[in-house]
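One structure is given below, encoded as structure tokens.
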Amino acid sequence: MFDRIEDKTKEKLLKCWKSMSESDKMHFINQVAISLSVWGDDQEGKKLIIKVLQMLAENGSNTLADFGLYVENLLDADIPEQKKPKIKRAALILEGYRLKEGLPSIPHRDITL
Amino acid sequence: MRTSPSSREKKDLRESFNNFLENVFGRANEIIEKGKTPRLTLAELERLALERREEAGEAGTEKARVVRETEVRPVIETNQMEKWVRGSLAALEKKISPSEKAIVSAMELYHIFENAPTPKDLDFNRWIVG
């Protein structure tokens with residue numbers, strides 16, 4: 001009913017997860033918890049989390065710890081207007097979290113040398 | 001009045017730039033040879049470049065801090081992860097501390113990922129419905 005993520009995207013997400021350090025997993029969970037706190041942890045809020053994961057996988061990030069870098073992209077997605085101020089606030093808080101924790105300001109993506 | 005750099009200055013600049021490239025790609029090759037990874041991420045390249053700048057005293061401390069490696073933790077039990085999550089979130093400023101419900105939901109998502117042997121087992125519907 002809600003799960004519209006393609007198998008291919010799920011495959012990318014699980015591949016990322018399996019290669020992530022415990023530290024990166026913790027940062028991912030922390031960013032999810034912060035986001036849900038800001039925009040609500042109801043079904044709509046959880047759907048936004050999945051939407052961010054979808055964008056992350058489609059952009060080629062290879063760690064879910066990049067989560068916070070994609071939250072602002074929700075503003076360009078088909079999201080109800082009343083949710084947007086909370087998404088903006090979550091994006092700012094996550095930016096602060098990433099600065100505090102020394103997380104990169106650009107996504108982790110593979111390039112071929 | 002001088003309008004362009006002298007040939008000596010041009011040579012110095014070229015040498016300096018070549019040295020920079022040699023250092024960056026030298027480090028890249030070291031990593032590849034060690035077998036850590038066959039490819040480099042953009043973040044890794046950014047870190048290498050910033051390290052180089054830092055050594056040369058050119059990097060602002062704030063920017064260098066942004067890309068500094070975070071602590072690498074060993075593989076752990078799932079209840080240990082919850083302790084780390086709660087501990088690190090508790091260390092945040094009070095105004096951005098996540099709610100208990102949000103932490104529990106986030107941990108549920110962690111368990112879904114951790115216990116999914118195949119992509120088909122990533123049952124996000126179950127998590128959304130709660």
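Every chain in the structure tokens has a letter given in the order shown (A, B, ...), and although residue numbers restart at 1 in each chain, ligands are simply numbered from 1 in the order shown.
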Shell around Ser105 of chain B at 9 Å using only C-alpha atoms, local window under 5 positions removed, as a PyMOL selection string: (chain A and resi 32-33+36+41+46) or (chain B and resi 100+110+127+130)
Given the choices B:Ser97, B:Asn79, B:Asn115, B:Asn18, which gets closest to chain A if the distance is worked out from only C-alpha atoms? B:Ser97
Taking only segment 29-69 of chain A into account, list the residues labelled helix (DSSP H, G or I) by DSSP (computed from the backbone), as a PyMOL selection string. chain A and resi 29-39+43-58+64-69
Env of Leu64 of chain A: 9 Å cut, atoms = only C-alpha atoms, seq-sep filter 6 positions within chain, self excluded. Answer as a PyMOL selection string. chain A and resi 13+16-17+20+24-25+27-28+53+56-57
Next, dump the selected residues to file, keeping only N, CA and C atoms, as a PDB file, in the first residue's frame.
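Below is the file that was written, selection38.pdb:
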```pdb
ATOM      1  N   LEU A  13      19.895   0.018  -1.397  1.00  0.00           N
ATOM      2  CA  LEU A  13      19.873   0.408   0.025  1.00  0.00           C
ATOM      3  C   LEU A  13      20.483  -0.679   0.907  1.00  0.00           C
ATOM      4  N   CYS A  16      24.214  -0.815   0.497  1.00  0.00           N
ATOM      5  CA  CYS A  16      24.828   0.274   1.292  1.00  0.00           C
ATOM      6  C   CYS A  16      24.919  -0.147   2.750  1.00  0.00           C
ATOM      7  N   TRP A  17      23.790  -0.623   3.281  1.00  0.00           N
ATOM      8  CA  TRP A  17      23.709  -0.962   4.700  1.00  0.00           C
ATOM      9  C   TRP A  17      24.775  -1.988   5.085  1.00  0.00           C
ATOM     10  N   MET A  20      28.211  -0.545   5.513  1.00  0.00           N
ATOM     11  CA  MET A  20      28.381   0.608   6.417  1.00  0.00           C
ATOM     12  C   MET A  20      29.038   0.223   7.740  1.00  0.00           C
ATOM     13  N   ASP A  24      28.563   4.792  11.051  1.00  0.00           N
ATOM     14  CA  ASP A  24      27.679   5.357  10.028  1.00  0.00           C
ATOM     15  C   ASP A  24      26.222   4.950  10.275  1.00  0.00           C
ATOM     16  N   LYS A  25      26.036   3.692  10.727  1.00  0.00           N
ATOM     17  CA  LYS A  25      24.663   3.246  11.020  1.00  0.00           C
ATOM     18  C   LYS A  25      24.069   4.105  12.135  1.00  0.00           C
ATOM     19  N   HIS A  27      24.876   7.191  12.892  1.00  0.00           N
ATOM     20  CA  HIS A  27      24.570   8.532  12.388  1.00  0.00           C
ATOM     21  C   HIS A  27      23.277   8.524  11.568  1.00  0.00           C
ATOM     22  N   PHE A  28      23.063   7.445  10.809  1.00  0.00           N
ATOM     23  CA  PHE A  28      21.830   7.334  10.026  1.00  0.00           C
ATOM     24  C   PHE A  28      20.616   7.297  10.956  1.00  0.00           C
ATOM     25  N   LEU A  53      15.212   8.187   1.551  1.00  0.00           N
ATOM     26  CA  LEU A  53      16.057   7.014   1.264  1.00  0.00           C
ATOM     27  C   LEU A  53      16.060   6.701  -0.233  1.00  0.00           C
ATOM     28  N   LEU A  56      18.246   9.201  -1.954  1.00  0.00           N
ATOM     29  CA  LEU A  56      19.649   8.891  -1.637  1.00  0.00           C
ATOM     30  C   LEU A  56      20.169   7.754  -2.531  1.00  0.00           C
ATOM     31  N   ALA A  57      19.373   6.699  -2.643  1.00  0.00           N
ATOM     32  CA  ALA A  57      19.797   5.538  -3.439  1.00  0.00           C
ATOM     33  C   ALA A  57      19.876   5.908  -4.916  1.00  0.00           C
TER      34      ALA A  57
END
```
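What separates atom CA of Lys12 of chain A from atom CA of Gly87 of chain B is a distance of 29.3 Å.
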Write out as a PDB file with N, CA and C atoms, in the first residue's frame the residues lying within 10 Å of Asn30 of chain A, counting only C-alpha atoms and excluding same-chain residues fewer than 2 positions away.
```
ATOM      1  N   ASP A  24      28.563   4.792  11.051  1.00  0.00           N
ATOM      2  CA  ASP A  24      27.679   5.357  10.028  1.00  0.00           C
ATOM      3  C   ASP A  24      26.222   4.950  10.275  1.00  0.00           C
ATOM      4  N   LYS A  25      26.036   3.692  10.727  1.00  0.00           N
ATOM      5  CA  LYS A  25      24.663   3.246  11.020  1.00  0.00           C
ATOM      6  C   LYS A  25      24.069   4.105  12.135  1.00  0.00           C
ATOM      7  N   MET A  26      24.895   4.389  13.134  1.00  0.00           N
ATOM      8  CA  MET A  26      24.408   5.213  14.248  1.00  0.00           C
ATOM      9  C   MET A  26      24.030   6.616  13.754  1.00  0.00           C
ATOM     10  N   HIS A  27      24.876   7.191  12.892  1.00  0.00           N
ATOM     11  CA  HIS A  27      24.570   8.532  12.388  1.00  0.00           C
ATOM     12  C   HIS A  27      23.277   8.524  11.568  1.00  0.00           C
ATOM     13  N   PHE A  28      23.063   7.445  10.809  1.00  0.00           N
ATOM     14  CA  PHE A  28      21.830   7.334  10.026  1.00  0.00           C
ATOM     15  C   PHE A  28      20.616   7.297  10.956  1.00  0.00           C
ATOM     16  N   VAL A  32      17.505   9.974  11.318  1.00  0.00           N
ATOM     17  CA  VAL A  32      16.091   9.577  11.157  1.00  0.00           C
ATOM     18  C   VAL A  32      15.301  10.011  12.394  1.00  0.00           C
ATOM     19  N   ALA A  33      15.867   9.775  13.581  1.00  0.00           N
ATOM     20  CA  ALA A  33      15.168  10.131  14.826  1.00  0.00           C
ATOM     21  C   ALA A  33      14.942  11.643  14.904  1.00  0.00           C
ATOM     22  N   ILE A  34      15.952  12.411  14.522  1.00  0.00           N
ATOM     23  CA  ILE A  34      15.816  13.879  14.548  1.00  0.00           C
ATOM     24  C   ILE A  34      14.721  14.313  13.566  1.00  0.00           C
ATOM     25  N   SER A  35      14.748  13.749  12.361  1.00  0.00           N
ATOM     26  CA  SER A  35      13.746  14.127  11.348  1.00  0.00           C
ATOM     27  C   SER A  35      12.328  13.810  11.823  1.00  0.00           C
ATOM     28  N   LEU A  36      12.142  12.603  12.358  1.00  0.00           N
ATOM     29  CA  LEU A  36      10.799  12.212  12.820  1.00  0.00           C
ATOM     30  C   LEU A  36      10.337  13.114  13.957  1.00  0.00           C
ATOM     31  N   ALA A  65      24.374   7.125   5.862  1.00  0.00           N
ATOM     32  CA  ALA A  65      24.763   8.235   6.736  1.00  0.00           C
ATOM     33  C   ALA A  65      24.669   9.574   6.002  1.00  0.00           C
ATOM     34  N   PHE A  67      22.057  10.581   4.742  1.00  0.00           N
ATOM     35  CA  PHE A  67      20.625  10.882   4.832  1.00  0.00           C
ATOM     36  C   PHE A  67      20.332  12.388   4.909  1.00  0.00           C
ATOM     37  N   GLY A  68      20.967  13.076   5.847  1.00  0.00           N
ATOM     38  CA  GLY A  68      20.667  14.498   6.088  1.00  0.00           C
ATOM     39  C   GLY A  68      20.920  15.394   4.890  1.00  0.00           C
ATOM     40  N   LEU A  94      19.611  19.055  10.858  1.00  0.00           N
ATOM     41  CA  LEU A  94      20.497  17.963  10.422  1.00  0.00           C
ATOM     42  C   LEU A  94      21.836  18.513   9.939  1.00  0.00           C
ATOM     43  N   TYR A  97      23.738  19.017  12.977  1.00  0.00           N
ATOM     44  CA  TYR A  97      24.170  17.719  13.510  1.00  0.00           C
ATOM     45  C   TYR A  97      25.399  17.235  12.740  1.00  0.00           C
TER      46      TYR A  97
ATOM     47  N   TRP B  84      24.222   3.529  22.013  1.00  0.00           N
ATOM     48  CA  TRP B  84      24.997   4.592  21.363  1.00  0.00           C
ATOM     49  C   TRP B  84      24.074   5.686  20.829  1.00  0.00           C
ATOM     50  N   VAL B  85      22.973   5.229  20.183  1.00  0.00           N
ATOM     51  CA  VAL B  85      22.030   6.202  19.616  1.00  0.00           C
ATOM     52  C   VAL B  85      21.503   7.107  20.734  1.00  0.00           C
ATOM     53  N   ARG B  86      21.052   6.483  21.817  1.00  0.00           N
ATOM     54  CA  ARG B  86      20.489   7.279  22.920  1.00  0.00           C
ATOM     55  C   ARG B  86      21.557   8.178  23.546  1.00  0.00           C
ATOM     56  N   SER B  88      24.340   9.397  22.140  1.00  0.00           N
ATOM     57  CA  SER B  88      24.760  10.508  21.283  1.00  0.00           C
ATOM     58  C   SER B  88      23.651  11.527  21.116  1.00  0.00           C
ATOM     59  N   LEU B  89      22.393  11.055  21.077  1.00  0.00           N
ATOM     60  CA  LEU B  89      21.285  12.012  20.945  1.00  0.00           C
ATOM     61  C   LEU B  89      21.105  12.813  22.236  1.00  0.00           C
ATOM     62  N   PRO B  98      15.594  14.540  20.105  1.00  0.00           N
ATOM     63  CA  PRO B  98      14.452  13.835  19.531  1.00  0.00           C
ATOM     64  C   PRO B  98      13.526  13.256  20.601  1.00  0.00           C
ATOM     65  N   ALA B 102      10.144   9.005  18.468  1.00  0.00           N
ATOM     66  CA  ALA B 102      10.953   9.088  17.245  1.00  0.00           C
ATOM     67  C   ALA B 102      12.168   8.166  17.340  1.00  0.00           C
ATOM     68  N   ILE B 103      12.780   8.101  18.527  1.00  0.00           N
ATOM     69  CA  ILE B 103      13.953   7.221  18.703  1.00  0.00           C
ATOM     70  C   ILE B 103      13.529   5.762  18.529  1.00  0.00           C
ATOM     71  N   ALA B 106      12.948   5.066  14.879  1.00  0.00           N
ATOM     72  CA  ALA B 106      14.217   4.996  14.154  1.00  0.00           C
ATOM     73  C   ALA B 106      14.915   3.664  14.438  1.00  0.00           C
ATOM     74  N   MET B 107      14.834   3.207  15.677  1.00  0.00           N
ATOM     75  CA  MET B 107      15.460   1.922  16.014  1.00  0.00           C
ATOM     76  C   MET B 107      14.738   0.761  15.319  1.00  0.00           C
TER      77      MET B 107
END
```
